[in-house]
>>> print(open('model34.cif').read())   # mmCIF, C-alpha atoms (C1' of nucleotides)
data_upload
loop_
_atom_site.label_atom_id
_atom_site.label_comp_id
_atom_site.auth_asym_id
_atom_site.auth_seq_id
_atom_site.Cartn_x
_atom_site.Cartn_y
_atom_site.Cartn_z
CA MET A 1 13.88 -12.92 -3.66
CA SER A 2 12.68 -11.28 -6.83
CA GLY A 3 9.52 -10.66 -8.80
CA ARG A 4 8.07 -8.91 -11.82
CA ILE A 5 6.17 -5.74 -11.02
CA VAL A 6 2.70 -6.28 -12.50
CA GLU A 7 0.66 -3.51 -10.85
CA THR A 8 1.43 0.06 -9.76
CA GLU A 9 -0.30 3.29 -8.79
CA ALA A 10 0.97 6.83 -9.20
CA TYR A 11 0.80 9.45 -6.44
CA PRO A 12 2.07 12.52 -8.29
CA PRO A 13 2.90 15.96 -6.87
CA GLY A 14 -0.21 17.84 -5.80
CA ASP A 15 -2.40 14.75 -5.47
CA SER A 16 -4.44 15.18 -2.28
CA THR A 17 -4.36 11.45 -1.53
CA SER A 18 -0.55 11.33 -1.50
CA TYR A 19 1.21 10.99 1.82
CA ALA A 20 3.47 13.81 0.60
CA PHE A 21 0.59 16.24 -0.03
CA ARG A 22 0.93 18.19 3.24
CA GLY A 23 4.68 18.56 3.08
CA ARG A 24 7.60 16.71 4.56
CA THR A 25 7.18 14.75 7.80
CA THR A 26 9.12 11.93 9.43
CA ARG A 27 6.73 9.44 7.87
CA ASN A 28 7.03 10.67 4.27
CA GLN A 29 10.49 12.27 4.15
CA ALA A 30 11.85 9.54 1.86
CA MET A 31 9.36 10.62 -0.82
CA PHE A 32 11.36 13.83 -1.20
CA LEU A 33 14.79 12.25 -1.80
CA GLY A 34 14.74 12.34 -5.60
CA LYS A 35 14.01 9.66 -8.18
CA GLY A 36 14.49 5.95 -7.60
CA PHE A 37 14.50 5.66 -3.81
CA ALA A 38 12.41 3.40 -1.60
CA HIS A 39 9.69 4.87 0.57
CA VAL A 40 8.34 2.38 3.10
CA VAL A 41 5.21 3.41 4.96
CA PHE A 42 3.24 1.69 7.74
CA VAL A 43 -0.53 1.73 7.23
CA TYR A 44 -3.68 0.54 9.02
CA GLY A 45 -1.63 -0.49 12.02
CA SER A 46 -0.65 -3.72 10.34
CA SER A 47 0.89 -3.45 6.87
CA TYR A 48 3.87 -1.88 5.15
CA MET A 49 3.80 -0.60 1.59
CA LEU A 50 6.62 0.18 -0.84
CA ASN A 51 6.80 3.26 -3.05
CA VAL A 52 9.41 4.15 -5.63
CA THR A 53 10.11 7.87 -5.53
CA SER A 54 9.53 9.59 -8.83
CA GLU A 55 10.41 13.28 -8.80
CA GLU A 56 13.36 15.62 -8.34
CA PRO A 57 14.86 16.07 -4.84
CA GLY A 58 12.60 18.19 -2.68
CA VAL A 59 9.42 17.20 -4.54
CA GLY A 60 7.30 14.57 -2.78
CA ALA A 61 5.90 11.87 -5.07
CA GLY A 62 5.99 8.15 -5.54
CA ILE A 63 4.81 5.07 -7.37
CA LEU A 64 3.13 2.46 -5.18
CA LEU A 65 4.10 -1.11 -6.05
CA ARG A 66 0.86 -3.05 -5.66
CA ALA A 67 1.66 -6.54 -6.89
CA LEU A 68 4.48 -8.82 -7.98
CA GLU A 69 4.64 -12.01 -9.97
CA PRO A 70 7.02 -14.01 -7.73
CA LEU A 71 10.13 -15.25 -9.53
CA GLU A 72 12.97 -16.18 -7.17
CA GLY A 73 12.98 -17.14 -3.47
CA ILE A 74 9.41 -18.35 -3.57
CA ASP A 75 10.03 -20.73 -0.66
CA VAL A 76 11.24 -17.80 1.45
CA MET A 77 8.20 -15.73 0.47
CA GLU A 78 5.90 -18.59 1.44
CA ARG A 79 7.45 -18.69 4.90
CA LEU A 80 7.23 -14.92 5.35
CA ARG A 81 3.63 -14.80 4.16
CA LYS A 82 2.54 -17.98 5.94
CA THR A 83 0.84 -19.31 2.83
CA ASP A 84 1.89 -21.55 -0.05
CA LYS A 85 -0.59 -20.10 -2.51
CA LEU A 86 1.64 -18.61 -5.20
CA ARG A 87 -1.01 -16.21 -6.41
CA ASP A 88 -1.47 -14.66 -2.96
CA LEU A 89 2.21 -14.18 -2.08
CA ALA A 90 2.53 -10.61 -3.38
CA ARG A 91 -0.94 -9.70 -4.70
CA GLY A 92 -1.63 -6.42 -2.90
CA PRO A 93 0.74 -3.75 -1.55
CA GLY A 94 0.82 -5.02 2.03
CA ARG A 95 1.37 -8.60 0.90
CA LEU A 96 4.11 -7.50 -1.48
CA ALA A 97 6.03 -5.83 1.34
CA ALA A 98 5.52 -8.81 3.65
CA ALA A 99 6.65 -11.29 0.99
CA MET A 100 9.87 -9.37 0.36
CA GLU A 101 10.45 -8.66 4.07
CA ILE A 102 10.27 -4.92 3.37
CA GLY A 103 10.12 -2.86 6.55
CA PRO A 104 11.17 0.50 7.97
CA ARG A 105 14.88 -0.32 7.67
CA LEU A 106 14.57 -0.04 3.88
CA ASP A 107 12.99 3.43 3.99
CA GLY A 108 15.19 5.74 1.92
CA VAL A 109 17.28 3.02 0.23
CA ASP A 110 18.56 3.84 -3.27
CA LEU A 111 16.84 1.32 -5.55
CA CYS A 112 19.15 2.04 -8.47
CA SER A 113 22.42 0.88 -6.92
CA ASP A 114 23.78 -2.10 -4.99
CA GLY A 115 22.07 -2.72 -1.70
CA PRO A 116 19.46 -4.81 0.08
CA LEU A 117 16.70 -3.83 -2.37
CA TRP A 118 16.94 -2.73 -5.99
CA LEU A 119 15.13 -2.44 -9.31
CA GLY A 120 16.41 -4.70 -12.10
CA ALA A 121 15.80 -5.12 -15.79
CA PRO A 122 12.71 -6.89 -17.19
CA VAL A 123 13.11 -10.67 -17.47
CA ARG A 124 10.67 -10.94 -20.35
CA ARG A 125 8.59 -8.72 -22.54
CA THR A 126 5.89 -6.81 -20.70
CA GLY A 127 2.32 -7.60 -21.68
CA ARG A 128 -0.30 -5.05 -22.57
CA ILE A 129 -0.72 -2.50 -19.82
CA GLY A 130 -4.22 -1.65 -18.59
CA THR A 131 -5.21 1.57 -16.84
CA SER A 132 -7.82 2.19 -14.17
CA VAL A 133 -8.70 4.35 -11.20
CA ARG A 134 -6.79 3.72 -8.00
CA ILE A 135 -7.87 1.23 -5.34
CA GLY A 136 -8.78 2.00 -1.74
CA ILE A 137 -8.97 5.80 -1.86
CA SER A 138 -12.02 8.01 -1.40
CA ARG A 139 -10.80 11.28 -2.92
CA GLU A 140 -9.37 12.00 -6.39
CA VAL A 141 -11.35 8.91 -7.36
CA ASP A 142 -11.54 9.64 -11.08
CA ARG A 143 -7.84 9.85 -11.84
CA PRO A 144 -6.66 6.96 -14.06
CA LEU A 145 -3.39 6.40 -12.22
CA ARG A 146 -3.37 2.63 -11.70
CA PHE A 147 -1.43 0.52 -14.19
CA PHE A 148 -1.33 -3.25 -14.48
CA GLU A 149 -0.27 -6.04 -16.80
CA MET A 150 -3.44 -7.18 -18.52
CA GLY A 151 -4.19 -10.86 -18.12
CA SER A 152 -1.79 -11.43 -15.23
CA ARG A 153 -3.28 -13.52 -12.44
CA PHE A 154 -0.94 -11.81 -9.96
CA VAL A 155 -2.72 -8.45 -10.20
CA SER A 156 -4.85 -7.36 -7.21
CA GLY A 157 -8.34 -5.95 -7.59
CA ARG A 158 -10.06 -5.68 -10.94
CA SER A 159 -7.97 -6.41 -14.02
CA THR A 160 -10.26 -4.42 -16.26
CA VAL A 161 -9.64 -1.06 -17.82
CA SER A 162 -11.72 1.81 -16.48
"C1'" DA B 1 -7.89 15.60 24.52
"C1'" DA B 2 -10.81 12.63 21.93
"C1'" DG B 3 -12.47 10.76 17.56
"C1'" DA B 4 -12.45 9.46 12.80
"C1'" DA B 5 -10.26 8.03 8.52
"C1'" DG B 6 -6.89 5.64 6.04
"C1'" DA B 7 -2.62 3.88 -0.65
"C1'" DT B 8 -4.88 -3.14 3.97
"C1'" DT B 9 -5.45 -7.84 5.16
"C1'" DC B 10 -7.62 -11.78 7.22
"C1'" DG B 11 -11.22 -14.67 8.83
"C1'" DC B 12 -15.94 -15.70 8.80
"C1'" DT B 13 -20.64 -16.01 6.64
"C1'" DG C 1 -19.37 -9.72 0.77
"C1'" DC C 2 -18.51 -7.68 5.73
"C1'" DG C 3 -16.33 -6.34 9.90
"C1'" DA C 4 -12.42 -6.45 13.06
"C1'" DA C 5 -7.59 -5.56 13.99
"C1'" DT C 6 -4.34 -1.97 14.76
"C1'" DC C 7 -1.68 2.63 14.81
"C1'" DT C 8 -0.43 7.03 12.80
"C1'" DT C 9 -2.08 11.39 11.39
"C1'" DC C 10 -5.38 14.84 10.89
"C1'" DT C 11 -9.64 17.13 12.47
"C1'" DT C 12 -12.67 18.91 15.89
"C1'" DA C 13 -13.83 20.36 20.63
#
>>> encode(input="model34.cif", output="structure tokens")
Amino acid sequence: MSGRIVETEAYPPGDSTSYAFRGRTTRNQAMFLGKGFAHVVFVYGSSYMLNVTSEEPGVGAGILLRALEPLEGIDVMERLRKTDKLRDLARGPGRLAAAMEIGPRLDGVDLCSDGPLWLGAPVRRTGRIGTSVRIGISREVDRPLRFFEMGSRFVSGRSTVS
DNA sequence: AAGAAGATTCGCT
DNA sequence: GCGAATCTTCTTA
């Protein structure tokens, strides 16, 4: 399975909404591995989400992948997500993880080398990138740390700049 | 020890 | 649009 990343959110060092904010725990330890690793976290008792770590080893930070434009393995994603609506397969962080069968076994995987999950090169030119506040948080609400491909129908939430 | 909130999703109105 | 489901973590008693 593969997809284009069309929406992300940053959770930088020192951000009080980051799972890494209060220091290393079993749940967030992968966020401290260094750049380019997977951090898989279980939220709301029902969903997994995928972060890409983004700082030096020992510093907890990550980029949340919020939405994909499905490219390959769409039939597999449809089975995993129990829907055949292309637009809904990976629109939202929990859906993205479910569509790609991303679970706790992938926590800590190096996304920049061979393995079960990795980051590849762009398959086509990226569109204009919009910026907005992050979705679903109640603190640090004014930080413009959400980024999305403008005009993409695979983006979750509002596709407007704020 | 108990309660509330949370980087969500789904089903119903 | 709204509330429930569901569980881990943090806060308060």
>>> residues_around(input="model34.cif", residues="Arg81 of chain A", least_positions_apart="5", cutoff="10 Å", atoms="all atoms listed in the file", output="PyMOL selection string")
chain A and resi 75-76+88-90+95-101
>>> residues_around(input="model34.cif", residues="DA2 of chain B", least_positions_apart="4", cutoff="12 Å", atoms="all atoms listed in the file", output="list in words")
DT11, DT12 and DA13 of chain C
>>> closest_residue(input="model34.cif", among="A:Met1, A:Thr160, A:Val6, A:Gly151", to="Glu72 of chain A", atoms="only C-alpha atoms")
A:Met1
>>> residues_around(input="model34.cif", residues="Glu7 of chain A", least_positions_apart="5", cutoff="10 Å", atoms="only C-alpha atoms (C1' of nucleotides)", output="MDAnalysis selection string")
chainID A and resid 64:69 91:93 129:131 146:150 152 154:157 159
>>> resolve_selection(input="model34.cif", expression="the PyMOL selection byres ((chain B) within 9 of (chain A))", output="compact mmCIF listing (two decimals) with C-alpha atoms (C1' of nucleotides), keeping the file's coordinate frame")
# COMPACT_ATOMS: atom_id res chain seq x y z
C1' DG B 6 -6.89 5.64 6.04
C1' DA B 7 -2.62 3.88 -0.65
C1' DT B 8 -4.88 -3.14 3.97
C1' DT B 9 -5.45 -7.84 5.16
>>> closest_atom_pairs(input="model34.cif", of="chain C", to="chain A", cutoff="8 Å", atoms="only C-alpha atoms (C1' of nucleotides)", output="Markdown table")
| residue | atom | partner | partner_atom | distance |
| --- | --- | --- | --- | --- |
| C:DT6 | C1' | A:Gly45 | CA | 4.1 |
| C:DC7 | C1' | A:Gly45 | CA | 4.2 |
| C:DT8 | C1' | A:Gly45 | CA | 7.7 |
>>> closest_residue(input="model34.cif", among="A:Ser54, A:Ser16, A:Thr25, A:Ser113", to="DT9 of chain C", atoms="all atoms listed in the file")
A:Thr25
>>> resolve_selection(input="model34.cif", expression="the PyMOL selection byres ((chain C and resi 1) around 12)", output="number ranges by chain")
B: 12-13; C: 2-3
>>> residues_around(input="model34.cif", residues="Asn28 of chain A", least_positions_apart="5", cutoff="10 Å", atoms="all atoms listed in the file", output="JSON, numbers by chain")
{"A": [18, 19, 20, 21, 22, 23, 33, 39, 40, 41, 60, 61, 107, 108]}
>>> atom_distance(input="model34.cif", atom1="atom CA of Gly36 of chain A", atom2="atom CA of Met77 of chain A")
24.0 Å
>>> residues_around(input="model34.cif", residues="Val109 of chain A", least_positions_apart="2", cutoff="6 Å", atoms="all atoms listed in the file", output="PyMOL selection string")
chain A and resi 37-38+106-107
>>> axis_aligned_box(input="model34.cif", around="segment 4-9 of chain C", padding_each_side="3 Å", output="JSON")
{"center_x": -6.4, "center_y": 2.5, "center_z": 13.1, "size_x": 18.0, "size_y": 23.8, "size_z": 9.4}
>>> atom_distance(input="model34.cif", atom1="atom CA of Val141 of chain A", atom2="atom CA of Glu55 of chain A")
22.2 Å
>>> atom_distance(input="model34.cif", atom1="atom CA of Pro70 of chain A", atom2="atom CA of Val133 of chain A")
24.4 Å
